[in-house]
>>> print(open('my_file-v7.cif').read())   # mmCIF, C-alpha atoms
data_work
loop_
_atom_site.label_atom_id
_atom_site.label_comp_id
_atom_site.auth_asym_id
_atom_site.auth_seq_id
_atom_site.Cartn_x
_atom_site.Cartn_y
_atom_site.Cartn_z
CA MET A 415 -142.18 33.47 6.76
CA LYS A 416 -144.61 30.56 6.43
CA ILE A 417 -147.32 32.61 8.14
CA LYS A 418 -147.66 34.86 5.09
CA GLY A 419 -148.08 31.93 2.71
CA ILE A 420 -150.68 30.31 4.96
CA ALA A 421 -152.54 33.63 5.28
CA VAL A 422 -152.66 34.17 1.50
CA ILE A 423 -153.97 30.63 0.86
CA PHE A 424 -156.47 31.03 3.70
CA ILE A 425 -157.88 34.27 2.26
CA LEU A 426 -158.03 32.83 -1.27
CA LEU A 427 -159.84 29.68 -0.17
CA LEU A 428 -162.24 31.51 2.13
CA SER A 429 -163.23 34.07 -0.50
CA THR A 430 -163.72 31.30 -3.08
CA TRP A 431 -165.95 29.44 -0.62
CA LEU A 432 -168.02 32.53 0.18
CA VAL A 433 -168.46 33.44 -3.49
CA LEU A 434 -169.53 29.91 -4.40
CA ASN A 435 -172.02 29.74 -1.54
CA HIS A 436 -173.35 33.20 -2.29
CA SER A 437 -174.49 33.81 1.27
CA LEU A 438 -173.16 35.37 4.48
CA GLN A 439 -175.01 33.26 7.07
CA LEU A 440 -173.03 32.46 10.20
CA PRO A 441 -172.90 28.62 9.82
CA ILE A 442 -171.60 28.93 6.25
CA ILE A 443 -168.91 31.41 7.28
CA LEU A 444 -167.85 29.18 10.19
CA ILE A 445 -167.62 26.06 8.01
CA GLY A 446 -165.66 28.08 5.44
CA VAL A 447 -163.19 29.37 8.04
CA GLY A 448 -162.69 25.85 9.39
CA LEU A 449 -162.15 24.28 5.97
CA ALA A 450 -159.88 27.07 4.76
CA ALA A 451 -157.73 26.90 7.90
CA PHE A 452 -157.45 23.10 7.69
CA LEU A 453 -156.58 23.06 3.97
CA SER A 454 -154.13 25.97 4.15
CA LEU A 455 -152.29 24.29 7.05
CA ILE A 456 -151.94 20.87 5.41
CA MET A 457 -151.08 22.27 1.97
CA CYS A 458 -148.40 24.68 3.08
CA ASP A 459 -145.38 22.59 2.12
CA LYS A 460 -145.21 24.32 -1.24
CA CYS A 461 -146.69 27.69 -0.33
CA SER A 462 -143.36 29.53 -0.31
CA VAL A 463 -144.26 30.97 -3.75
CA PHE A 464 -146.76 33.25 -2.05
CA ASN A 465 -144.04 34.80 0.12
CA GLU A 466 -142.78 36.69 -2.92
CA ILE A 467 -145.94 38.78 -3.26
CA LYS A 468 -145.36 42.33 -2.04
CA PHE A 469 -148.17 44.17 -0.29
CA THR A 470 -147.15 47.79 -0.85
CA PRO A 471 -149.24 50.66 -2.30
CA LYS A 472 -147.01 50.75 -5.38
CA ALA A 473 -147.53 47.04 -5.98
CA PHE A 474 -151.27 47.59 -5.63
CA LEU A 475 -151.23 50.34 -8.27
CA TYR A 476 -149.11 48.25 -10.63
CA THR A 477 -151.51 45.30 -10.27
CA PHE A 478 -154.26 47.43 -11.79
CA LEU A 479 -151.95 48.79 -14.50
CA TYR A 480 -150.91 45.24 -15.29
CA ILE A 481 -154.49 44.00 -15.54
CA GLY A 482 -155.29 46.91 -17.89
CA VAL A 483 -152.32 46.22 -20.16
CA PHE A 484 -153.12 42.51 -20.09
CA ILE A 485 -156.77 42.90 -21.14
CA PHE A 486 -155.77 45.29 -23.94
CA GLU A 487 -153.17 42.82 -25.21
CA LEU A 488 -155.66 39.96 -24.97
CA PHE A 489 -158.12 41.74 -27.27
CA LYS A 490 -155.32 42.77 -29.64
CA SER A 491 -154.05 39.20 -29.88
CA ASN A 492 -157.49 37.83 -30.66
CA ILE A 493 -158.15 40.31 -33.43
CA ASP A 494 -154.67 39.63 -34.79
CA ILE A 495 -155.19 35.85 -34.83
CA ALA A 496 -158.68 36.20 -36.31
CA ARG A 497 -157.28 38.38 -39.12
CA ARG A 498 -154.54 35.86 -39.93
CA VAL A 499 -156.90 32.89 -39.83
CA LEU A 500 -159.51 34.49 -42.06
CA SER A 501 -157.23 35.91 -44.74
CA PRO A 502 -156.95 33.50 -47.72
CA LYS A 503 -153.13 33.54 -47.89
CA LEU A 504 -152.62 32.59 -44.22
CA PRO A 505 -149.83 35.16 -43.62
CA ILE A 506 -147.64 33.48 -41.00
CA ASN A 507 -143.86 33.32 -40.46
CA PRO A 508 -143.59 31.02 -37.45
CA GLY A 509 -140.47 30.29 -35.46
CA ILE A 510 -139.16 29.67 -31.96
CA VAL A 511 -137.13 32.53 -30.47
CA LYS A 512 -135.47 32.85 -27.09
CA ALA A 513 -135.46 35.70 -24.62
CA GLU A 514 -133.80 36.27 -21.27
CA THR A 515 -135.85 37.25 -18.24
CA ILE A 516 -134.62 39.20 -15.23
CA LEU A 517 -137.40 37.93 -12.95
CA GLN A 518 -136.12 35.63 -10.21
CA SER A 519 -139.29 34.66 -8.34
CA GLN A 520 -141.27 31.58 -9.41
CA MET A 521 -144.61 33.35 -9.18
CA GLY A 522 -143.39 36.21 -11.36
CA ARG A 523 -142.13 33.82 -14.01
CA LEU A 524 -145.38 31.86 -13.98
CA ILE A 525 -147.42 34.99 -14.59
CA LEU A 526 -144.94 36.22 -17.22
CA ALA A 527 -145.12 32.95 -19.15
CA ASN A 528 -148.91 32.83 -18.95
CA SER A 529 -149.21 36.44 -20.09
CA ILE A 530 -146.93 35.81 -23.07
CA THR A 531 -149.09 32.84 -24.03
CA LEU A 532 -152.20 35.00 -24.09
CA THR A 533 -150.76 37.91 -26.09
CA PRO A 534 -150.32 38.55 -29.83
CA GLY A 535 -148.98 35.59 -31.74
CA THR A 536 -146.68 34.20 -29.07
CA PHE A 537 -146.70 31.27 -26.68
CA THR A 538 -144.14 30.00 -24.21
CA ILE A 539 -142.87 26.52 -24.97
CA ASP A 540 -140.19 26.09 -22.33
CA ILE A 541 -138.21 27.82 -19.62
CA ILE A 542 -134.64 26.67 -19.04
CA GLY A 543 -132.75 28.68 -16.43
CA ASN A 544 -133.30 32.34 -17.23
CA THR A 545 -134.23 31.69 -20.85
CA LEU A 546 -137.75 31.66 -22.18
CA TYR A 547 -138.36 29.85 -25.47
CA ILE A 548 -141.25 31.51 -27.27
CA HIS A 549 -143.07 30.30 -30.36
CA CYS A 550 -144.15 33.23 -32.54
CA VAL A 551 -146.71 33.06 -35.32
CA ASN A 552 -145.21 36.01 -37.13
CA ILE A 553 -141.61 37.13 -36.64
CA GLU A 554 -141.26 40.73 -37.74
CA GLY A 555 -138.14 42.74 -38.51
CA ASP A 556 -134.55 41.65 -39.02
CA ASP A 557 -133.35 41.66 -35.42
CA MET A 558 -134.98 38.56 -33.95
CA GLU A 559 -133.22 38.81 -30.59
CA GLN A 560 -134.53 42.34 -30.13
CA TYR A 561 -138.02 41.27 -31.19
CA ALA A 562 -138.05 38.52 -28.57
CA GLN A 563 -136.76 40.85 -25.86
CA ASN A 564 -139.50 43.35 -26.61
CA ILE A 565 -142.19 40.71 -26.02
CA VAL A 566 -140.78 39.95 -22.59
CA ARG A 567 -140.02 43.55 -21.57
CA LYS A 568 -143.63 44.62 -22.09
CA PHE A 569 -144.81 42.64 -19.07
CA GLU A 570 -141.56 42.42 -17.17
CA LYS A 571 -141.56 46.07 -16.16
CA TYR A 572 -144.81 45.60 -14.26
CA LEU A 573 -144.05 42.19 -12.78
CA GLU A 574 -140.65 43.41 -11.64
CA VAL A 575 -142.37 45.81 -9.24
CA LEU A 576 -144.88 43.19 -8.14
CA TYR A 577 -142.62 40.21 -7.50
CA GLY A 578 -139.00 41.33 -7.94
CA MET F 1436 -183.00 45.61 -17.23
CA GLU F 1437 -183.88 45.10 -20.87
CA TYR F 1438 -180.72 46.91 -22.00
CA LEU F 1439 -178.59 44.77 -19.72
CA LYS F 1440 -180.02 41.61 -21.26
CA ILE F 1441 -179.43 42.83 -24.81
CA THR F 1442 -175.84 43.84 -23.99
CA GLY F 1443 -175.24 40.45 -22.39
CA ALA F 1444 -176.62 38.66 -25.43
CA VAL F 1445 -174.43 40.71 -27.79
CA ILE F 1446 -171.30 40.05 -25.71
CA THR F 1447 -172.07 36.31 -25.61
CA LEU F 1448 -172.52 36.37 -29.40
CA ILE F 1449 -169.13 38.05 -29.87
CA GLY F 1450 -167.59 35.37 -27.65
CA ALA F 1451 -169.18 32.65 -29.78
CA ILE F 1452 -167.78 34.29 -32.93
CA PHE F 1453 -164.28 34.24 -31.41
CA ILE F 1454 -164.66 30.53 -30.67
CA LEU F 1455 -165.72 30.02 -34.30
CA PHE F 1456 -162.50 31.82 -35.40
CA ALA F 1457 -160.53 29.52 -33.09
CA SER F 1458 -161.98 26.43 -34.73
CA ILE F 1459 -161.34 27.78 -38.24
CA GLY F 1460 -157.79 28.51 -37.09
CA ILE F 1461 -157.30 24.95 -35.85
CA LEU F 1462 -158.42 23.66 -39.26
CA ARG F 1463 -156.26 26.02 -41.33
CA MET F 1464 -152.98 26.29 -39.43
CA PRO F 1465 -150.12 24.15 -40.77
CA ASP F 1466 -148.58 22.55 -37.64
CA VAL F 1467 -149.23 21.70 -34.00
CA TYR F 1468 -147.70 24.85 -32.54
CA ASN F 1469 -149.65 27.27 -34.71
CA ARG F 1470 -152.81 25.33 -33.98
CA ILE F 1471 -152.21 25.67 -30.26
CA GLN F 1472 -151.76 29.41 -30.81
CA ALA F 1473 -155.08 29.76 -32.59
CA GLY F 1474 -156.85 27.46 -30.16
CA THR F 1475 -155.60 29.04 -26.94
CA LYS F 1476 -156.05 32.72 -27.59
CA ALA F 1477 -159.38 32.85 -29.32
CA SER F 1478 -160.99 30.25 -27.09
CA THR F 1479 -159.80 32.04 -23.94
CA LEU F 1480 -161.33 35.36 -24.94
CA GLY F 1481 -164.37 33.58 -26.38
CA SER F 1482 -165.17 31.75 -23.17
CA ILE F 1483 -164.45 34.84 -21.05
CA LEU F 1484 -166.85 36.94 -23.13
CA GLY F 1485 -169.43 34.17 -23.10
CA LEU F 1486 -169.33 33.85 -19.31
CA PHE F 1487 -169.36 37.62 -18.85
CA GLY F 1488 -172.36 37.99 -21.15
CA ILE F 1489 -174.28 35.34 -19.20
CA GLY F 1490 -173.34 37.27 -16.07
CA LEU F 1491 -174.98 40.41 -17.49
CA ILE F 1492 -178.16 38.51 -18.34
CA HIS F 1493 -178.32 36.94 -14.84
CA PRO F 1494 -176.71 39.47 -12.45
CA ASP F 1495 -177.11 37.04 -9.51
CA TRP F 1496 -174.57 34.69 -11.06
CA MET F 1497 -171.97 37.38 -11.75
CA LEU F 1498 -169.63 36.60 -8.84
CA LYS F 1499 -169.57 32.87 -9.57
CA LEU F 1500 -168.95 33.56 -13.25
CA LEU F 1501 -166.07 35.90 -12.41
CA LEU F 1502 -164.58 33.03 -10.41
CA LEU F 1503 -164.95 30.78 -13.47
CA ILE F 1504 -163.24 33.43 -15.62
CA MET F 1505 -160.32 33.41 -13.17
CA PHE F 1506 -160.00 29.63 -13.50
CA VAL F 1507 -160.12 29.83 -17.31
CA LEU F 1508 -157.43 32.52 -17.28
CA ILE F 1509 -155.14 30.42 -15.08
CA SER F 1510 -155.68 26.99 -16.62
CA ASN F 1511 -155.87 27.77 -20.34
CA PRO F 1512 -152.31 29.10 -20.88
CA VAL F 1513 -150.86 26.41 -18.62
CA SER F 1514 -152.47 23.61 -20.61
CA SER F 1515 -151.36 25.08 -23.93
CA HIS F 1516 -147.81 25.48 -22.61
CA VAL F 1517 -147.72 21.84 -21.49
CA LEU F 1518 -149.09 20.64 -24.86
CA GLY F 1519 -146.52 22.67 -26.76
CA ARG F 1520 -143.65 21.55 -24.56
CA ALA F 1521 -144.64 17.89 -24.84
CA ALA F 1522 -145.00 18.20 -28.61
CA HIS F 1523 -141.53 19.69 -28.91
CA TYR F 1524 -140.08 17.09 -26.52
CA ILE F 1525 -141.22 14.16 -28.68
CA LYS F 1526 -140.02 16.10 -31.76
CA VAL F 1527 -143.26 16.78 -33.55
CA PRO F 1528 -142.03 18.44 -36.76
CA LEU F 1529 -142.57 22.14 -37.33
CA SER F 1530 -144.09 23.28 -40.60
CA ASP F 1531 -141.95 24.21 -43.61
CA LEU F 1532 -142.80 27.86 -43.13
CA THR F 1533 -140.84 27.94 -39.86
CA LEU F 1534 -137.96 30.39 -39.91
CA LEU F 1535 -135.91 29.30 -36.91
CA ASP F 1536 -136.01 26.97 -33.90
CA LYS F 1537 -133.78 28.18 -31.08
CA LEU F 1538 -135.01 25.53 -28.65
CA GLU F 1539 -133.88 22.78 -31.04
CA GLU F 1540 -130.50 24.49 -31.44
CA ASP F 1541 -129.97 24.66 -27.69
CA THR F 1542 -131.32 21.31 -26.51
CA GLY F 1543 -131.51 18.88 -29.45
CA SER F 1544 -127.80 18.08 -29.76
CA GLU F 1545 -128.47 14.59 -31.18
CA THR F 1546 -130.30 15.75 -34.27
CA ALA F 1547 -127.70 18.47 -34.83
CA GLU F 1548 -124.93 15.86 -34.88
CA LYS F 1549 -126.82 13.70 -37.36
CA GLU F 1550 -127.21 16.61 -39.71
CA GLY F 1551 -123.53 17.41 -39.27
CA ASP F 1552 -122.56 13.89 -40.43
CA LYS F 1553 -124.41 14.34 -43.67
#
>>> encode(input="my_file-v7.cif", output="structure tokens")
Amino acid sequence: MKIKGIAVIFILLLSTWLVLNHSLQLPIILIGVGLAAFLSLIMCDKCSVFNEIKFTPKAFLYTFLYIGVFIFELFKSNIDIARRVLSPKLPINPGIVKAETILQSQMGRLILANSITLTPGTFTIDIIGNTLYIHCVNIEGDDMEQYAQNIVRKFEKYLEVLYG
Amino acid sequence: MEYLKITGAVITLIGAIFILFASIGILRMPDVYNRIQAGTKASTLGSILGLFGIGLIHPDWMLKLLLLIMFVLISNPVSSHVLGRAAHYIKVPLSDLTLLDKLEEDTGSETAEKEGDK
């Protein structure tokens, strides 16, 4: 299964190289292929995280859905924070809540935690086992457990398809 | 071409305004964690919009700028997470407004015992 990890790193490095060079001349492509192959081979001790990526049509569709949801949430969170910061009373009710995740893969959890950090009024402080500890600027409603679960569920349903 | 430049300039301006909000937020928020919140979110969108606007003004640079946006999106939440985790680990106090701290309840057994003695 290491082949898949090496291939993913190779493609990532090669495309980064080509974009940075901004040219498709043969020498540049050859140097890029050589460097990418060398680096992906020597760095593949830890590349097992890339094995969890699924390359199916459904995963492809959900990637786009996920990016759409993510960008929408990013704008929402910024307007929300701007509103709180600018209002004279500073309306915040901060607190640290915990939520369980059903994602098992490391890559899925990484993206989940990063997405939570970039969305309205929440950021991930720690992950212990299956539990995410999330700091919220404004805890709404009476049922705090349910509130925390809702934050996680929003992204989990997409990442579940992508990484399992 | 002219329209593209104006759009790019407007988008860059909006990004700069978001970064201004982030800095006001860092000044006004009561404790470390809320400051990280204000700092991370607004500065991420601010820098993304800024880079994207520059990309519209100079279309040749667009691909490189998209690569930069990717790096910002990956590194910004990770750094804020590490700052927050380190702050909680060395027990930086939360503000008085804080409603609950589940992480303290689950991991900070020492402080819980001290409070129990009182």
>>> resolve_selection(input="my_file-v7.cif", expression="the PyMOL selection byres ((chain F and resi 1451) around 9)", output="short mmCIF file (atom, residue, chain, number, x, y, z; two decimals) with C-alpha atoms, in the coordinates of the input")
data_model
loop_
_atom_site.label_atom_id
_atom_site.label_comp_id
_atom_site.auth_asym_id
_atom_site.auth_seq_id
_atom_site.Cartn_x
_atom_site.Cartn_y
_atom_site.Cartn_z
CA ILE F 1446 -171.30 40.05 -25.71
CA THR F 1447 -172.07 36.31 -25.61
CA LEU F 1448 -172.52 36.37 -29.40
CA ILE F 1449 -169.13 38.05 -29.87
CA GLY F 1450 -167.59 35.37 -27.65
CA ILE F 1452 -167.78 34.29 -32.93
CA PHE F 1453 -164.28 34.24 -31.41
CA ILE F 1454 -164.66 30.53 -30.67
CA LEU F 1455 -165.72 30.02 -34.30
CA PHE F 1456 -162.50 31.82 -35.40
CA SER F 1478 -160.99 30.25 -27.09
CA GLY F 1481 -164.37 33.58 -26.38
CA SER F 1482 -165.17 31.75 -23.17
CA LEU F 1484 -166.85 36.94 -23.13
CA GLY F 1485 -169.43 34.17 -23.10
#
>>> atom_distance(input="my_file-v7.cif", atom1="atom CA of A:Lys568", atom2="atom CA of A:Ala527")
12.1 Å
>>> residues_around(input="my_file-v7.cif", residues="stretch 489-503 of chain A", least_positions_apart="3", cutoff="6 Å", atoms="only C-alpha atoms", output="ChimeraX atom specification")
/A:486,533-534 /F:1456,1460,1477
>>> residues_around(input="my_file-v7.cif", residues="A:Ile456", least_positions_apart="5", cutoff="12 Å", atoms="only C-alpha atoms", output="number ranges by chain")
A: 420, 423-424, 449-451, 461
>>> atom_distance(input="my_file-v7.cif", atom1="atom CA of F:Leu1502", atom2="atom CA of F:Gly1488")
14.2 Å
>>> resolve_selection(input="my_file-v7.cif", expression="the PyMOL selection byres ((chain A) within 7 of (chain F))", output="list in words")
Val433, Leu434, Asn492, Ile495, Ala496, Val499, Asn507, Pro508, Gly509, Ile510, Val511, Lys512, Asn528, Thr531, Leu532, Gly535, Phe537, Thr538, Ile539, Asp540, Tyr547 and Val551 of chain A
>>> atom_distance(input="my_file-v7.cif", atom1="atom CA of F:Gly1490", atom2="atom CA of A:Ser429")
18.8 Å
>>> axis_aligned_box(input="my_file-v7.cif", around="stretch 1486-1499 of chain F", padding_each_side="4 Å", output="lines of an AutoDock Vina configuration file")
center_x = -173.8
center_y = 36.6
center_z = -15.0
size_x = 17.0
size_y = 15.5
size_z = 20.3
>>> closest_residue(input="my_file-v7.cif", among="A:Leu526, A:Ser519, A:Gly419, A:Val447", to="A:Trp431", atoms="only C-alpha atoms")
A:Val447
